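To be precise, the following lines are coords.cif, and they hold mmCIF, C-alpha atoms and all ligand atoms.
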data_entry
#
loop_
_atom_site.label_atom_id
_atom_site.label_comp_id
_atom_site.auth_asym_id
_atom_site.auth_seq_id
_atom_site.Cartn_x
_atom_site.Cartn_y
_atom_site.Cartn_z
CA MET A 804 112.78 89.47 64.80
CA GLN A 805 114.60 92.30 63.03
CA SER A 806 117.91 92.84 64.80
CA VAL A 807 118.78 96.30 66.02
CA LEU A 808 122.46 95.35 65.85
CA GLN A 809 122.31 94.56 62.15
CA ASN A 810 120.48 97.69 61.09
CA ALA A 811 122.04 100.51 63.03
CA CYS A 812 123.81 103.52 61.57
CA PRO A 813 125.00 102.41 58.11
CA GLU A 814 126.17 106.00 57.46
CA ARG A 815 128.88 105.69 60.10
CA LYS A 816 130.72 103.07 58.09
CA LYS A 817 131.53 105.70 55.48
CA MET A 818 133.43 107.80 58.02
CA SER A 819 137.00 106.71 58.12
CA ASN A 820 138.53 109.48 60.19
CA TYR A 821 138.47 109.99 63.94
CA HIS A 822 135.61 112.50 63.96
CA THR A 823 133.94 114.86 61.53
CA SER A 824 133.33 118.24 63.18
CA VAL A 825 129.75 119.47 63.11
CA LEU A 826 128.79 123.02 62.13
CA PRO A 827 132.44 123.89 61.40
CA GLU A 828 131.82 127.02 59.34
CA GLU A 829 129.19 128.37 61.70
CA THR A 830 131.42 127.77 64.75
CA ILE A 831 134.47 129.44 63.24
CA GLY A 832 132.33 132.22 61.78
CA TYR A 833 131.00 133.15 65.21
CA LEU A 834 134.47 132.91 66.80
CA ASN A 835 135.89 135.39 64.28
CA ILE A 836 139.46 134.24 64.98
CA LYS A 837 142.16 136.86 65.49
CA ARG A 838 145.84 135.99 65.11
CA GLY A 839 147.59 135.60 68.50
CA GLU A 840 144.32 135.56 70.51
CA LYS A 841 143.59 132.72 72.94
CA TYR A 842 140.77 130.18 72.60
CA ILE A 843 139.70 127.19 74.68
CA ASP A 844 138.39 124.02 73.06
CA ALA A 845 136.75 122.36 76.08
CA THR A 846 135.90 119.21 74.08
CA LEU A 847 138.92 118.57 71.89
CA GLY A 848 137.74 115.23 70.37
CA GLY A 849 139.46 114.74 67.00
CA GLY A 850 140.66 118.35 67.11
CA GLY A 851 138.63 119.46 64.08
CA HIS A 852 137.52 122.80 65.51
CA THR A 853 140.93 123.29 67.16
CA THR A 854 142.77 122.79 63.85
CA GLN A 855 140.67 125.47 62.20
CA ILE A 856 141.49 127.94 64.99
CA LEU A 857 145.21 127.13 64.76
CA GLU A 858 145.18 127.54 60.98
CA GLN A 859 143.76 131.04 61.40
CA GLY A 860 146.50 132.02 63.87
CA GLY A 861 144.70 131.48 67.21
CA LYS A 862 146.32 129.81 70.23
CA VAL A 863 144.37 126.95 71.75
CA LEU A 864 144.03 125.25 75.11
CA GLY A 865 142.52 121.86 74.20
CA ILE A 866 140.84 119.85 76.95
CA ASP A 867 139.38 116.34 76.85
CA VAL A 868 138.63 113.68 79.48
CA ASP A 869 139.57 110.97 77.02
CA GLN A 870 143.30 110.25 76.73
CA GLU A 871 142.76 108.69 73.28
CA ALA A 872 141.49 112.02 71.93
CA LEU A 873 144.56 113.86 73.24
CA ASP A 874 146.92 111.22 71.82
CA GLU A 875 145.23 111.38 68.42
CA VAL A 876 145.43 115.17 68.19
CA GLU A 877 149.02 115.25 69.46
CA LYS A 878 150.07 112.72 66.82
CA ARG A 879 148.28 114.54 63.99
CA ILE A 880 149.16 118.11 64.89
CA LYS A 881 152.80 117.49 65.76
CA ASP A 882 153.41 116.65 62.10
CA GLN A 883 152.32 120.17 61.23
CA LYS A 884 153.92 123.54 61.78
CA PHE A 885 152.40 124.14 65.22
CA LEU A 886 154.21 124.02 68.56
CA VAL A 887 152.35 121.61 70.85
CA HIS A 888 152.71 121.32 74.62
CA VAL A 889 151.25 118.19 76.22
CA SER A 890 150.45 118.54 79.92
CA SER A 891 151.87 116.01 82.34
CA GLU A 892 152.06 115.39 86.06
CA LYS A 893 155.68 116.58 86.27
CA GLU A 894 155.50 119.64 84.08
CA GLN A 895 155.23 122.45 86.70
CA ALA A 896 158.63 123.93 85.87
CA ASN A 897 158.60 123.71 82.09
CA ILE A 898 155.17 124.51 80.72
CA ARG A 899 155.61 125.86 77.17
CA LEU A 900 153.40 128.91 77.47
CA ASP A 901 154.51 129.95 73.98
CA ALA A 902 152.92 126.82 72.46
CA ASP A 903 150.28 127.20 69.75
CA LEU A 904 148.36 124.31 71.28
CA ILE A 905 148.35 123.09 74.88
CA LEU A 906 146.74 119.68 75.40
CA VAL A 907 145.32 118.84 78.81
CA LYS A 908 143.56 115.75 80.08
CA GLY A 909 140.76 116.99 82.30
CA ASN A 910 137.05 117.43 82.79
CA PHE A 911 135.63 120.70 81.50
CA ARG A 912 133.78 121.09 84.80
CA ASP A 913 137.26 122.21 86.05
CA ILE A 914 137.72 124.66 83.18
CA ARG A 915 138.53 127.63 85.41
CA LYS A 916 141.29 125.81 87.30
CA ILE A 917 142.78 124.38 84.08
CA ALA A 918 142.61 127.72 82.25
CA LYS A 919 144.29 129.52 85.16
CA LYS A 920 147.17 127.04 85.24
CA TYR A 921 147.96 127.66 81.56
CA GLY A 922 147.34 131.41 81.43
CA PHE A 923 144.04 131.17 79.48
CA GLU A 924 142.01 133.44 81.75
CA ASN A 925 141.07 136.19 79.36
CA VAL A 926 140.15 134.43 76.18
CA ALA A 927 138.48 135.42 72.91
CA GLY A 928 136.37 132.30 72.62
CA ILE A 929 135.44 128.95 74.14
CA ILE A 930 133.85 125.95 72.37
CA PHE A 931 131.87 123.14 73.96
CA ASP A 932 130.97 120.51 71.36
CA LEU A 933 129.14 118.15 73.70
CA GLY A 934 128.69 114.38 73.79
CA VAL A 935 130.89 111.68 72.34
CA SER A 936 133.06 111.61 69.22
CA SER A 937 132.48 109.25 66.29
CA HIS A 938 135.67 107.45 67.29
CA GLN A 939 134.31 106.75 70.77
CA ILE A 940 131.06 105.42 69.31
CA ASP A 941 132.80 103.35 66.65
CA ASP A 942 135.18 101.65 69.07
CA ALA A 943 133.21 98.59 70.25
CA ASN A 944 135.43 98.26 73.33
CA ARG A 945 134.16 101.55 74.72
CA GLY A 946 130.61 100.19 74.90
CA PHE A 947 128.83 103.37 73.73
CA SER A 948 127.10 101.82 70.76
CA PHE A 949 124.06 99.55 70.81
CA SER A 950 125.01 98.46 67.30
CA LYS A 951 128.44 97.02 68.18
CA GLU A 952 129.06 94.18 70.57
CA GLY A 953 131.38 95.14 73.41
CA PRO A 954 131.64 95.51 77.17
CA LEU A 955 128.93 97.67 78.77
CA ASP A 956 131.34 100.44 79.73
CA MET A 957 130.47 103.96 78.39
CA ARG A 958 133.10 105.88 80.36
CA MET A 959 134.60 108.79 78.42
CA ASP A 960 137.29 108.99 81.10
CA ASN A 961 138.66 105.55 81.86
CA ASN A 962 139.69 106.72 85.35
CA LEU A 963 136.02 106.83 86.37
CA SER A 964 135.16 103.94 88.65
CA VAL A 965 131.50 103.30 87.70
CA THR A 966 130.58 101.81 84.30
CA ALA A 967 127.21 101.24 82.62
CA LYS A 968 127.54 97.57 83.60
CA ASP A 969 127.66 98.59 87.27
CA LEU A 970 124.48 100.66 86.86
CA VAL A 971 122.57 98.02 84.92
CA ASN A 972 123.47 95.22 87.34
CA GLY A 973 123.52 97.19 90.59
CA LEU A 974 120.70 99.74 90.59
CA HIS A 975 117.23 99.14 91.96
CA ARG A 976 114.48 98.75 89.35
CA ASN A 977 112.99 102.12 90.30
CA GLU A 978 116.36 103.85 89.86
CA LEU A 979 116.68 102.36 86.37
CA ILE A 980 113.16 103.52 85.52
CA GLU A 981 114.05 107.03 86.70
CA ILE A 982 117.21 107.10 84.53
CA PHE A 983 115.44 105.79 81.42
CA LYS A 984 112.57 108.26 81.85
CA ARG A 985 114.52 111.33 82.87
CA PHE A 986 117.55 111.08 80.59
CA GLY A 987 116.13 108.91 77.79
CA GLU A 988 112.52 110.18 77.81
CA GLU A 989 111.67 106.50 77.20
CA ASN A 990 108.00 105.42 77.32
CA PHE A 991 108.92 101.77 77.91
CA ALA A 992 111.14 102.55 80.91
CA HIS A 993 109.10 100.32 83.29
CA GLY A 994 109.11 97.32 80.97
CA ILE A 995 112.81 97.59 80.11
CA ALA A 996 113.86 98.01 83.76
CA THR A 997 111.68 95.05 84.79
CA GLU A 998 113.22 92.85 82.08
CA ILE A 999 116.73 93.93 83.13
CA VAL A 1000 116.06 92.93 86.75
CA LYS A 1001 114.60 89.57 85.66
CA THR A 1002 117.51 88.82 83.31
CA ARG A 1003 120.29 89.76 85.72
CA LYS A 1004 118.92 87.33 88.35
CA GLU A 1005 120.00 84.53 86.02
CA LYS A 1006 123.28 86.00 84.79
CA PRO A 1007 124.99 89.43 84.92
CA ILE A 1008 124.38 91.77 81.96
CA GLU A 1009 127.89 92.48 80.76
CA THR A 1010 127.72 93.37 77.09
CA THR A 1011 126.02 95.89 74.83
CA LYS A 1012 124.48 92.98 72.93
CA GLN A 1013 122.80 91.57 76.05
CA LEU A 1014 121.27 94.94 76.85
CA THR A 1015 120.14 95.48 73.26
CA GLU A 1016 118.48 92.05 73.24
CA ILE A 1017 116.58 92.93 76.43
CA ILE A 1018 115.31 96.14 74.80
CA GLU A 1019 114.29 94.17 71.69
CA ARG A 1020 112.37 91.66 73.80
CA VAL A 1021 110.37 94.40 75.53
CA MET A 1022 109.64 96.72 72.62
CA PRO A 1023 106.62 95.86 70.44
CA ALA A 1024 107.78 94.90 66.93
CA LYS A 1025 105.91 97.75 65.27
CA LEU A 1026 107.79 100.40 67.23
CA ASN A 1027 111.25 101.69 66.45
CA ARG A 1028 113.49 99.44 68.53
CA MET A 1029 116.64 101.12 67.27
CA ALA A 1030 115.45 104.48 68.55
CA ALA A 1031 114.58 102.93 71.92
CA ALA A 1032 118.02 101.32 72.18
CA ALA A 1033 119.62 104.68 71.36
CA ARG A 1034 117.58 106.39 74.10
CA ILE A 1035 118.41 103.74 76.73
CA PHE A 1036 122.13 103.77 75.89
CA GLN A 1037 122.20 107.55 75.89
CA SER A 1038 120.50 107.74 79.30
CA LEU A 1039 123.08 105.39 80.82
CA ARG A 1040 125.93 107.32 79.20
CA ILE A 1041 124.65 110.60 80.64
CA VAL A 1042 124.64 109.10 84.14
CA VAL A 1043 128.00 107.27 83.88
CA ASN A 1044 129.72 110.51 82.83
CA ASP A 1045 127.55 112.87 84.92
CA GLU A 1046 127.17 114.88 81.73
CA LEU A 1047 124.43 117.34 82.62
CA HIS A 1048 125.98 118.42 85.93
CA ALA A 1049 129.32 118.92 84.18
CA ILE A 1050 127.65 121.37 81.73
CA GLU A 1051 125.87 123.21 84.56
CA ASP A 1052 129.16 123.55 86.44
CA ALA A 1053 131.27 124.50 83.44
CA LEU A 1054 129.29 127.16 81.56
CA PRO A 1055 129.26 129.83 84.32
CA GLU A 1056 133.01 129.30 84.80
CA ALA A 1057 133.58 129.48 81.05
CA CYS A 1058 131.62 132.72 80.81
CA SER A 1059 133.79 134.26 83.51
CA LEU A 1060 136.94 133.40 81.50
CA LEU A 1061 135.89 135.43 78.43
CA GLN A 1062 137.30 138.82 77.57
CA THR A 1063 134.94 141.61 76.49
CA ARG A 1064 133.22 140.55 73.23
CA GLY A 1065 134.54 137.01 73.76
CA LYS A 1066 132.22 134.24 72.52
CA LEU A 1067 130.96 131.14 74.28
CA ILE A 1068 129.80 128.54 71.74
CA VAL A 1069 127.91 125.42 72.77
CA ILE A 1070 126.88 122.64 70.39
CA SER A 1071 124.46 120.16 71.96
CA PHE A 1072 122.84 116.98 70.67
CA HIS A 1073 120.14 116.32 73.23
CA SER A 1074 117.10 118.34 74.25
CA LEU A 1075 118.09 118.18 77.93
CA GLU A 1076 121.51 119.65 77.16
CA ASP A 1077 120.06 122.38 74.95
CA ARG A 1078 117.54 123.31 77.66
CA ILE A 1079 120.36 123.81 80.18
CA VAL A 1080 122.37 125.93 77.73
CA LYS A 1081 119.34 128.08 76.83
CA HIS A 1082 118.43 128.70 80.48
CA LEU A 1083 121.99 129.48 81.50
CA PHE A 1084 122.34 132.00 78.67
CA VAL A 1085 119.14 133.72 79.85
CA LYS A 1086 120.56 133.77 83.41
CA PHE A 1087 123.88 135.24 82.21
CA GLU A 1088 121.93 137.97 80.38
CA GLN A 1089 119.93 138.73 83.52
CA GLN A 1090 123.19 138.98 85.46
CA GLY A 1091 124.39 141.57 82.95
CA MET A 1092 127.25 139.42 81.66
CA GLY A 1093 126.42 139.81 77.99
CA LYS A 1094 123.87 138.70 75.42
CA ALA A 1095 122.82 135.56 73.59
CA LEU A 1096 123.50 136.02 69.86
CA THR A 1097 121.27 133.09 68.89
CA HIS A 1098 117.65 133.30 70.03
CA GLN A 1099 116.92 130.18 68.05
CA PRO A 1100 119.70 127.58 67.86
CA VAL A 1101 121.67 127.31 64.63
CA LEU A 1102 121.06 123.97 62.88
CA ALA A 1103 123.05 122.07 60.27
CA THR A 1104 122.15 122.61 56.62
CA GLU A 1105 120.69 119.81 54.48
CA LYS A 1106 124.07 119.62 52.74
CA GLU A 1107 125.96 119.07 55.99
CA ILE A 1108 123.40 116.48 57.19
CA ALA A 1109 123.81 114.59 53.90
CA MET A 1110 127.57 114.42 54.48
CA ASN A 1111 127.52 113.88 58.26
CA VAL A 1112 124.36 112.34 59.68
CA ARG A 1113 125.47 113.12 63.24
CA SER A 1114 124.93 116.83 62.54
CA ARG A 1115 121.17 116.19 62.20
CA SER A 1116 120.52 116.73 65.90
CA ALA A 1117 123.17 119.41 66.53
CA LYS A 1118 122.06 122.75 68.00
CA LEU A 1119 124.52 125.61 68.27
CA ARG A 1120 124.05 128.55 70.64
CA VAL A 1121 126.35 131.53 71.11
CA PHE A 1122 126.75 133.96 73.99
CA GLU A 1123 128.78 137.16 73.77
CA LYS A 1124 130.38 138.69 76.86
CA ILE A 1125 130.13 142.43 77.43
C1 LIG B 1201 131.79 115.68 69.90
S1 LIG B 1201 133.41 115.38 70.45
C2 LIG B 1201 134.26 116.87 70.04
C3 LIG B 1201 134.71 116.91 68.62
C4 LIG B 1201 135.60 118.07 68.26
N1 LIG B 1201 134.91 119.33 68.42
C5 LIG B 1201 136.11 117.95 66.84
O1 LIG B 1201 135.83 118.82 66.03
O2 LIG B 1201 136.82 116.97 66.55
C6 LIG B 1201 133.24 115.53 72.17
C7 LIG B 1201 134.51 115.28 72.97
O3 LIG B 1201 134.29 115.86 74.25
C8 LIG B 1201 134.84 115.05 75.23
N2 LIG B 1201 134.10 115.33 76.47
C9 LIG B 1201 132.82 115.09 76.76
N3 LIG B 1201 132.51 115.51 78.00
C10 LIG B 1201 133.64 116.08 78.51
C11 LIG B 1201 133.94 116.71 79.73
N4 LIG B 1201 133.04 116.83 80.72
N5 LIG B 1201 135.18 117.23 79.89
C12 LIG B 1201 136.11 117.12 78.90
N6 LIG B 1201 135.89 116.50 77.71
C13 LIG B 1201 134.65 115.99 77.51
C14 LIG B 1201 134.63 113.64 74.72
O4 LIG B 1201 135.56 112.75 75.30
C15 LIG B 1201 134.84 113.82 73.23
O5 LIG B 1201 136.16 113.55 72.85
#
Output the structure of this file as structure tokens.
Amino acid sequence: MQSVLQNACPERKKMSNYHTSVLPEETIGYLNIKRGEKYIDATLGGGGHTTQILEQGGKVLGIDVDQEALDEVEKRIKDQKFLVHVSSEKEQANIRLDADLILVKGNFRDIRKIAKKYGFENVAGIIFDLGVSSHQIDDANRGFSFSKEGPLDMRMDNNLSVTAKDLVNGLHRNELIEIFKRFGEENFAHGIATEIVKTRKEKPIETTKQLTEIIERVMPAKLNRMAAAARIFQSLRIVVNDELHAIEDALPEACSLLQTRGKLIVISFHSLEDRIVKHLFVKFEQQGMGKALTHQPVLATEKEIAMNVRSRSAKLRVFEKI
């Protein structure tokens, strides 16, 4: 049997850095950075988009749920000419509001509260570059990748209490079917959930490899097992991190934080995410908040896809506040 683990994502090996930003020129082009203006990067990741804003003179509030992302950006950007303030529990009295970059650990579903605390309430632009970073996928210990053996974790925020292992071992078969169908759009949801329930009766499913082997056992050899594993892993990740609700909560708040002609930019990687973004932008238009500048999403060019395979599924949409 051809192993999914052996064949997955050879392109990723070529990437040595933390994360390669997708659609960088398009994102910065739409933001049209002005020196001294404020921007929020709601998904800091490796800080690629943030660095571009800083280099053009913008001030950034960078948010991420993953402490590793914040540590990475702090380490890299502190060596440069920018003044960085890192948020902490005890900072109330001495927040450096003059900083070029403020780094905050938080969930973007709380964007309004976080922005208010740091004086980013009337901003020129906000970026949401959704999903996980290459670093998160490449780190086997995080459990995001079906192609790397590690614990079945998948939490972006390690303070969350429920992991993918808890879902796979604890949910009823019908709940697993629902997750695989709804968030993975997986045709073999019944078979995979049934095999999970059978396997876990003998021994708990604790690693990515065990789950991948279950998917391989169920999927007919002629079908793309790698794609099925990607869909199943993605569906569990969406539930562990409550990703779709976070987007639904955050975008209306983000829109309310924009100044007139401020831009809200969302890059999504999944049809369910893009559908939410598209519908919310229509709703914002109907509420008279502004207009969508992209009626069709902006996609990566062939050149970008050749350099960064992750950009293949990226869809960028922009909303402008009036
Ligand atoms: C695709 S990466 C962003 C990459 C970044 N734009 C760059 O250029 O390096 C997505 C990041 O968003 C973070 N993230 C995902 N959901 C989040 C949420 N609800 N709140 C805050 N951060 C989130 C992830 O931890 C990850 O670091």
For chain A against ligand LIG 1201 (chain B), with a cut-off of 7 Å and counting only C-alpha atoms and all ligand atoms, what is the closest atom pair and its distance in Å to one decimal for every residue that makes the cut, ordered by chain and number, as a tab-separated table?
residue	atom	partner	partner_atom	distance
A:His822	CA	B:LIG1201	O2	5.3
A:Thr823	CA	B:LIG1201	O2	6.2
A:Ser824	CA	B:LIG1201	O1	3.8
A:Val825	CA	B:LIG1201	O1	6.8
A:Ala845	CA	B:LIG1201	C12	6.0
A:Thr846	CA	B:LIG1201	O3	3.7
A:Leu847	CA	B:LIG1201	C4	4.9
A:Gly848	CA	B:LIG1201	O5	3.4
A:Gly849	CA	B:LIG1201	O2	3.5
A:Gly850	CA	B:LIG1201	O2	4.1
A:Gly851	CA	B:LIG1201	O1	3.5
A:His852	CA	B:LIG1201	O1	4.4
A:Thr853	CA	B:LIG1201	O1	6.9
A:Ile866	CA	B:LIG1201	C12	5.8
A:Asp867	CA	B:LIG1201	N6	3.6
A:Val868	CA	B:LIG1201	C12	4.3
A:Asp869	CA	B:LIG1201	O4	4.7
A:Ala872	CA	B:LIG1201	O5	5.6
A:Gly909	CA	B:LIG1201	C12	5.8
A:Asn910	CA	B:LIG1201	N5	3.5
A:Phe911	CA	B:LIG1201	N5	3.9
A:Arg912	CA	B:LIG1201	N4	5.9
A:Asp932	CA	B:LIG1201	N1	5.1
A:Leu933	CA	B:LIG1201	C6	5.1
A:Gly934	CA	B:LIG1201	C6	5.0
A:Val935	CA	B:LIG1201	C6	4.5
A:Ser936	CA	B:LIG1201	S1	4.0
A:Met959	CA	B:LIG1201	O4	5.1
A:Glu1046	CA	B:LIG1201	N4	6.3
A:Ala1049	CA	B:LIG1201	N4	5.5
Quiz item: Near Val1121 in chain A, within 12 Å and counting only C-alpha atoms, which residues show up once chain neighbours fewer than 5 positions away are dropped, as a ChimeraX atom specification?
Solution: /A:829-834,928-932,1054,1058,1064-1071,1077,1080-1081,1083-1085,1087,1093-1101
Written file, previous selection with C-alpha atoms, as a PDB file, keeping the file's coordinate frame:
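Produced file result01.pdb, reproduced below:
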ATOM      1  CA  GLU A 829     129.190 128.370  61.700  1.00  0.00           C
ATOM      2  CA  THR A 830     131.420 127.770  64.750  1.00  0.00           C
ATOM      3  CA  ILE A 831     134.470 129.440  63.240  1.00  0.00           C
ATOM      4  CA  GLY A 832     132.330 132.220  61.780  1.00  0.00           C
ATOM      5  CA  TYR A 833     131.000 133.150  65.210  1.00  0.00           C
ATOM      6  CA  LEU A 834     134.470 132.910  66.800  1.00  0.00           C
ATOM      7  CA  GLY A 928     136.370 132.300  72.620  1.00  0.00           C
ATOM      8  CA  ILE A 929     135.440 128.950  74.140  1.00  0.00           C
ATOM      9  CA  ILE A 930     133.850 125.950  72.370  1.00  0.00           C
ATOM     10  CA  PHE A 931     131.870 123.140  73.960  1.00  0.00           C
ATOM     11  CA  ASP A 932     130.970 120.510  71.360  1.00  0.00           C
ATOM     12  CA  LEU A1054     129.290 127.160  81.560  1.00  0.00           C
ATOM     13  CA  CYS A1058     131.620 132.720  80.810  1.00  0.00           C
ATOM     14  CA  ARG A1064     133.220 140.550  73.230  1.00  0.00           C
ATOM     15  CA  GLY A1065     134.540 137.010  73.760  1.00  0.00           C
ATOM     16  CA  LYS A1066     132.220 134.240  72.520  1.00  0.00           C
ATOM     17  CA  LEU A1067     130.960 131.140  74.280  1.00  0.00           C
ATOM     18  CA  ILE A1068     129.800 128.540  71.740  1.00  0.00           C
ATOM     19  CA  VAL A1069     127.910 125.420  72.770  1.00  0.00           C
ATOM     20  CA  ILE A1070     126.880 122.640  70.390  1.00  0.00           C
ATOM     21  CA  SER A1071     124.460 120.160  71.960  1.00  0.00           C
ATOM     22  CA  ASP A1077     120.060 122.380  74.950  1.00  0.00           C
ATOM     23  CA  VAL A1080     122.370 125.930  77.730  1.00  0.00           C
ATOM     24  CA  LYS A1081     119.340 128.080  76.830  1.00  0.00           C
ATOM     25  CA  LEU A1083     121.990 129.480  81.500  1.00  0.00           C
ATOM     26  CA  PHE A1084     122.340 132.000  78.670  1.00  0.00           C
ATOM     27  CA  VAL A1085     119.140 133.720  79.850  1.00  0.00           C
ATOM     28  CA  PHE A1087     123.880 135.240  82.210  1.00  0.00           C
ATOM     29  CA  GLY A1093     126.420 139.810  77.990  1.00  0.00           C
ATOM     30  CA  LYS A1094     123.870 138.700  75.420  1.00  0.00           C
ATOM     31  CA  ALA A1095     122.820 135.560  73.590  1.00  0.00           C
ATOM     32  CA  LEU A1096     123.500 136.020  69.860  1.00  0.00           C
ATOM     33  CA  THR A1097     121.270 133.090  68.890  1.00  0.00           C
ATOM     34  CA  HIS A1098     117.650 133.300  70.030  1.00  0.00           C
ATOM     35  CA  GLN A1099     116.920 130.180  68.050  1.00  0.00           C
ATOM     36  CA  PRO A1100     119.700 127.580  67.860  1.00  0.00           C
ATOM     37  CA  VAL A1101     121.670 127.310  64.630  1.00  0.00           C
TER      38      VAL A1101
END
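Proximity to Ile1050 in chain A was assessed for A:His975, A:Ile1079, A:Ala1032, A:Arg1020 counting only C-alpha atoms; the smallest distance is recorded for A:Ile1079.
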Quiz prompt | 12 Å contact set for range 983-989 of chain A, only C-alpha atoms, chain neighbours under 5 positions out, as a ChimeraX atom specification | solution = /A:970-971,976-978,994-997,1018,1022,1027-1028,1030-1043,1045-1047,1073-1076
Practice problem: Measure the distance from CA of Arg958 in chain A to CA of Leu864 in chain A in Å and round it to one decimal. | Solution: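 One can read the CA of Arg958 in chain A to CA of Leu864 in chain A distance as 22.9 Å.
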With 5 Å of padding per side, what axis-aligned box (centre and edge lengths, Å, one decimal) covers all the listed atoms of range 828-837 of chain A? Give it as AutoDock Vina command-line options.
--center_x 135.7 --center_y 131.9 --center_z 63.1 --size_x 23.0 --size_y 19.8 --size_z 17.5
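Taking all atoms listed in the file into account, Ser950 in chain A lies nearest to A:Lys1012 out of the set A:Ala1053, A:Lys1012, A:Ile880, A:Val863.
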Exercise. Figure out the distance between CA of Leu904 in chain A and CA of Gly865 in chain A, please, to one decimal in Å.
Key: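 Taking CA of Gly865 in chain A as the start and CA of Leu904 in chain A as the end point, the length is 7.0 Å.
For the set A:Met957, A:Ile905, A:Leu900, A:Ile914, the residue with the smallest atom-to-atom gap to Leu1061 in chain A is A:Ile914, counting only C-alpha atoms.
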Quiz item: What is the distance, in Å and to one decimal place, between CA of Phe1072 in chain A and CA of Thr1011 in chain A?
Solution: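 Those two atoms sit 21.7 Å apart.
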Exercise. Would you please work out which residue, of A:Ile982, A:Ile1125, A:Ala943, A:Ile898, is nearest to Glu1088 in chain A when using all atoms listed in the file?
Key: A:Ile1125
Quiz item: When distances are computed from all atoms listed in the file, which of A:Arg879, A:Ser937, A:Arg915, A:Asn1044 shows the smallest separation from Leu963 in chain A?
Solution: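 The shortest atom-to-atom distance to Leu963 in chain A comes from A:Asn1044.
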Since the input is missing atoms, can you rebuild N, CA and C atoms for range 1013-1026 of chain A and write them as a PDB file, in the coordinates of the input?
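The resulting file, rebuild.pdb, is reproduced below:
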ATOM      1  N   GLN A1013     123.806  92.073  75.095  1.00  0.00           N
ATOM      2  CA  GLN A1013     122.800  91.570  76.050  1.00  0.00           C
ATOM      3  C   GLN A1013     121.756  92.645  76.349  1.00  0.00           C
ATOM      4  N   LEU A1014     122.223  93.873  76.529  1.00  0.00           N
ATOM      5  CA  LEU A1014     121.270  94.940  76.850  1.00  0.00           C
ATOM      6  C   LEU A1014     120.365  95.224  75.649  1.00  0.00           C
ATOM      7  N   THR A1015     120.940  95.230  74.467  1.00  0.00           N
ATOM      8  CA  THR A1015     120.140  95.480  73.260  1.00  0.00           C
ATOM      9  C   THR A1015     119.076  94.393  73.089  1.00  0.00           C
ATOM     10  N   GLU A1016     119.453  93.152  73.382  1.00  0.00           N
ATOM     11  CA  GLU A1016     118.480  92.050  73.240  1.00  0.00           C
ATOM     12  C   GLU A1016     117.324  92.201  74.239  1.00  0.00           C
ATOM     13  N   ILE A1017     117.648  92.695  75.427  1.00  0.00           N
ATOM     14  CA  ILE A1017     116.580  92.930  76.430  1.00  0.00           C
ATOM     15  C   ILE A1017     115.609  93.979  75.886  1.00  0.00           C
ATOM     16  N   ILE A1018     116.163  95.062  75.329  1.00  0.00           N
ATOM     17  CA  ILE A1018     115.310  96.140  74.800  1.00  0.00           C
ATOM     18  C   ILE A1018     114.445  95.588  73.659  1.00  0.00           C
ATOM     19  N   GLU A1019     115.047  94.772  72.815  1.00  0.00           N
ATOM     20  CA  GLU A1019     114.290  94.170  71.690  1.00  0.00           C
ATOM     21  C   GLU A1019     113.158  93.290  72.184  1.00  0.00           C
ATOM     22  N   ARG A1020     113.421  92.563  73.272  1.00  0.00           N
ATOM     23  CA  ARG A1020     112.370  91.660  73.800  1.00  0.00           C
ATOM     24  C   ARG A1020     111.169  92.459  74.322  1.00  0.00           C
ATOM     25  N   VAL A1021     111.453  93.623  74.901  1.00  0.00           N
ATOM     26  CA  VAL A1021     110.370  94.400  75.530  1.00  0.00           C
ATOM     27  C   VAL A1021     109.595  95.232  74.518  1.00  0.00           C
ATOM     28  N   MET A1022     110.293  95.780  73.534  1.00  0.00           N
ATOM     29  CA  MET A1022     109.640  96.720  72.620  1.00  0.00           C
ATOM     30  C   MET A1022     108.733  95.995  71.630  1.00  0.00           C
ATOM     31  N   PRO A1023     107.486  96.452  71.455  1.00  0.00           N
ATOM     32  CA  PRO A1023     106.620  95.860  70.440  1.00  0.00           C
ATOM     33  C   PRO A1023     107.267  95.984  69.062  1.00  0.00           C
ATOM     34  N   ALA A1024     107.097  94.948  68.229  1.00  0.00           N
ATOM     35  CA  ALA A1024     107.780  94.900  66.930  1.00  0.00           C
ATOM     36  C   ALA A1024     107.475  96.106  66.061  1.00  0.00           C
ATOM     37  N   LYS A1025     106.271  96.656  66.182  1.00  0.00           N
ATOM     38  CA  LYS A1025     105.910  97.750  65.270  1.00  0.00           C
ATOM     39  C   LYS A1025     106.572  99.085  65.652  1.00  0.00           C
ATOM     40  N   LEU A1026     107.135  99.147  66.836  1.00  0.00           N
ATOM     41  CA  LEU A1026     107.790 100.400  67.230  1.00  0.00           C
ATOM     42  C   LEU A1026     109.265 100.380  66.859  1.00  0.00           C
TER      43      LEU A1026
END
